[in-house]
Amino acid sequence: MQNQQSSSTPKEKKLLEQVSDAIRAKHYSYRTEKTYLDWIRRFIIFHNKRHPREMGVPEVQEFIIHLATKGNVAASTQNQALSAVTFLYRHVLQQELQFPTDTIRPGRSKPLPVVLTAQEARAVINNMNGAPKLMAKILYGSGLRLMECLRLRVKDIDFGNHQIVIREGKGEKDRFSILPDSIMDELQAHLIVVKAIHEKDLKEGFGETSLPYALAQKYKSASKEWIWQYIFPASARSIDPISKKVKRHHLDPGVLQKAIRKAAQLAKIQKPVSPHVFRHSFATHLLQSGYDIRTVQELLGHKDVKTTMIYTHVLQRGGLAVKSPLDA
């Protein structure tokens, strides 16, 4: 009897499996899950595979300092690694690490954002084609982040009210932004093509997409409904890493990143151009047009207006419209 009881006792999950469960319980994205698991794995390997329960603040500090001195990583990367390891201790091992004040978390420099002129932004977009071109128009015309654009679903476009609903953006908050009039017809035509892809998937016995949180369990058929499909789907179906089902995910971010870099080169733009540059340009050009900074803050989804204030420093004549004495 004792042997039967011991054999039926549930086996405790491995540490990284526990981390995955904790991350999913917090509703973090799959990208964040992969990143955190990678940093935690590297932390454990760095300390010769010692169990984190046997370690604490000194070992965490040693790892973070190693990243800076030997790995030459940026401050943002150090912070990401620290956040991952702190998550492990706080939410899995139930230990609160007490770091000495100002000795562990590296400070971030705050460089001014790269901003394109309206002519430069259009030049880059005009050198693009297909879905990446439409996505670039949304980044510049609506101020979305790269992943916010890629995660747009059919239901998030409100053609009647000329707006886009950004679900669970940074900070897991919903917000509205502008749907540019100039892309309405193009976007509707694009959706006709995407719907045809979805209908083909359904006929072939597929047609599912990933749903946020526990909606897949609550609404069994929702994952195959048209309104839940990604607006910019991947070119091929793939196995979902969580459910292990064959689904059609959204387009890989690298597709848009490469397309924008290539277009910037063709347009001969002498600035480092990435998808996020269009968001910077969106904010700056709205302020140049006289829109209130609070309005811009809401459209961008910034928690603090101080974050939005950085764009006043890159306006054509600065935040106070100061004229150079040389031009007087």
# chains A, B, ... in the order shown; residues from 1 in each chain; ligands from 1
>>> select_by_dssp(residues="stretch 115-293 of chain A", states="strand (DSSP E)", output="number ranges by chain")
A: 157-158, 163-166, 175-178, 238-239, 246-247
>>> select_by_dssp(residues="stretch 125-282 of chain A", states="alpha helix (DSSP H)", output="PyMOL selection string")
chain A and resi 125-126+130-142+146-150+184-203+215-218+253-266+275-282
>>> atom_distance(atom1="atom CA of A:Ser281", atom2="atom CA of A:Gln229")
28.8 Å
>>> residues_around(residues="A:Gly207", least_positions_apart="5", cutoff="8 Å", atoms="only C-alpha atoms", output="PDB file with N, CA and C atoms, in the first residue's frame")
ATOM      1  N   HIS A 198      -7.517  32.488 -43.971  1.00  0.00           N
ATOM      2  CA  HIS A 198      -8.163  31.867 -42.815  1.00  0.00           C
ATOM      3  C   HIS A 198      -9.183  30.817 -43.248  1.00  0.00           C
ATOM      4  N   GLU A 199      -9.976  31.133 -44.260  1.00  0.00           N
ATOM      5  CA  GLU A 199     -10.979  30.185 -44.750  1.00  0.00           C
ATOM      6  C   GLU A 199     -10.322  28.937 -45.335  1.00  0.00           C
ATOM      7  N   LYS A 200      -9.183  29.116 -45.972  1.00  0.00           N
ATOM      8  CA  LYS A 200      -8.437  27.972 -46.513  1.00  0.00           C
ATOM      9  C   LYS A 200      -7.929  27.093 -45.364  1.00  0.00           C
ATOM     10  N   ASP A 201      -7.424  27.732 -44.311  1.00  0.00           N
ATOM     11  CA  ASP A 201      -6.967  26.995 -43.128  1.00  0.00           C
ATOM     12  C   ASP A 201      -8.110  26.165 -42.539  1.00  0.00           C
ATOM     13  N   LEU A 202      -9.296  26.762 -42.439  1.00  0.00           N
ATOM     14  CA  LEU A 202     -10.449  26.072 -41.876  1.00  0.00           C
ATOM     15  C   LEU A 202     -10.827  24.852 -42.717  1.00  0.00           C
ATOM     16  N   SER A 223     -11.052  30.584 -30.930  1.00  0.00           N
ATOM     17  CA  SER A 223      -9.745  30.586 -31.602  1.00  0.00           C
ATOM     18  C   SER A 223      -9.855  30.408 -33.110  1.00  0.00           C
ATOM     19  N   LYS A 224     -11.026  29.939 -33.581  1.00  0.00           N
ATOM     20  CA  LYS A 224     -11.219  29.775 -35.026  1.00  0.00           C
ATOM     21  C   LYS A 224     -12.092  30.871 -35.629  1.00  0.00           C
ATOM     22  N   LYS A 247      -1.218  26.106 -35.299  1.00  0.00           N
ATOM     23  CA  LYS A 247      -1.968  27.360 -35.403  1.00  0.00           C
ATOM     24  C   LYS A 247      -1.262  28.298 -36.384  1.00  0.00           C
ATOM     25  N   ARG A 248      -1.947  29.391 -36.697  1.00  0.00           N
ATOM     26  CA  ARG A 248      -1.303  30.432 -37.502  1.00  0.00           C
ATOM     27  C   ARG A 248      -1.047  31.632 -36.604  1.00  0.00           C
TER      28      ARG A 248
END
>>> atom_distance(atom1="atom CA of A:Thr117", atom2="atom CA of A:Thr284")
9.3 Å
>>> atom_distance(atom1="atom CA of A:Ala263", atom2="atom CA of A:His280")
17.7 Å
>>> residues_around(residues="A:Pro241", least_positions_apart="4", cutoff="10 Å", atoms="only C-alpha atoms", output="NGL selection string")
:A and (30 or 245-246)
>>> residues_around(residues="stretch 44-52 of chain A", least_positions_apart="5", cutoff="8 Å", atoms="only C-alpha atoms", output="PyMOL selection string")
chain A and resi 59+63+89
>>> closest_residue(among="A:Lys218, A:Lys173, A:Arg42, A:Arg151", to="A:Glu298", atoms="only C-alpha atoms")
A:Lys173
>>> closest_residue(among="A:Leu112, A:Ile64, A:Val124, A:Leu82", to="A:Ile269", atoms="only C-alpha atoms")
A:Val124
>>> residues_around(residues="A:Gly301", least_positions_apart="3", cutoff="12 Å", atoms="only C-alpha atoms", output="list of chain:residue names")
A:Ser142, A:Gly143, A:Leu144, A:Arg145, A:Glu148, A:Val165, A:Ile166, A:Arg167, A:Glu168, A:Gly169, A:Lys170, A:Gly171, A:Glu172, A:Lys173, A:Asp174, A:Arg175, A:Phe176, A:Ser177, A:Arg279, A:Ala283, A:Arg294, A:Thr295, A:Val296, A:Gln297, A:Glu298, A:Asp304, A:Val305, A:Thr307, A:Thr308
>>> closest_residue(among="A:Gln98, A:Thr209, A:Ser182, A:Gln270", to="A:Ala234", atoms="only C-alpha atoms")
A:Thr209
>>> closest_residue(among="A:Arg261, A:Arg53, A:Lys133, A:His249", to="A:Gln94", atoms="only C-alpha atoms")
A:Arg53
>>> closest_residue(among="A:Ile65, A:Ile242, A:Ile125, A:Ile227", to="A:Lys195", atoms="only C-alpha atoms")
A:Ile227
>>> residues_around(residues="A:Gln78", least_positions_apart="3", cutoff="8 Å", atoms="only C-alpha atoms", output="mmCIF file with N, CA and C atoms, in the first residue's frame")
data_model
loop_
_atom_site.group_PDB
_atom_site.id
_atom_site.type_symbol
_atom_site.label_atom_id
_atom_site.label_comp_id
_atom_site.auth_asym_id
_atom_site.auth_seq_id
_atom_site.Cartn_x
_atom_site.Cartn_y
_atom_site.Cartn_z
ATOM 1 N N ILE A 64 25.313 39.817 -12.304
ATOM 2 C CA ILE A 64 24.998 41.078 -12.990
ATOM 3 C C ILE A 64 26.278 41.858 -13.299
ATOM 4 N N LEU A 67 28.026 40.402 -16.249
ATOM 5 C CA LEU A 67 27.422 40.788 -17.524
ATOM 6 C C LEU A 67 27.965 42.133 -18.006
ATOM 7 N N ALA A 68 28.198 43.031 -17.047
ATOM 8 C CA ALA A 68 28.675 44.365 -17.407
ATOM 9 C C ALA A 68 30.169 44.371 -17.726
ATOM 10 N N VAL A 73 27.450 44.063 -21.774
ATOM 11 C CA VAL A 73 26.060 44.266 -22.179
ATOM 12 C C VAL A 73 25.603 45.665 -21.781
ATOM 13 N N ALA A 74 24.540 46.108 -22.418
ATOM 14 C CA ALA A 74 23.980 47.423 -22.121
ATOM 15 C C ALA A 74 23.264 47.406 -20.779
ATOM 16 N N ALA A 75 23.039 48.598 -20.226
ATOM 17 C CA ALA A 75 22.346 48.697 -18.936
ATOM 18 C C ALA A 75 20.953 48.089 -19.014
ATOM 19 N N ALA A 81 18.068 41.045 -17.196
ATOM 20 C CA ALA A 81 18.571 39.854 -16.503
ATOM 21 C C ALA A 81 18.205 39.898 -15.026
ATOM 22 N N LEU A 82 18.380 41.069 -14.412
ATOM 23 C CA LEU A 82 18.059 41.227 -13.001
ATOM 24 C C LEU A 82 16.575 41.008 -12.736
ATOM 25 N N ARG A 105 21.179 47.726 -9.385
ATOM 26 C CA ARG A 105 20.462 47.990 -10.631
ATOM 27 C C ARG A 105 21.159 49.116 -11.392
ATOM 28 N N PRO A 106 21.682 48.811 -12.574
ATOM 29 C CA PRO A 106 22.403 49.832 -13.330
ATOM 30 C C PRO A 106 21.483 50.927 -13.849
#
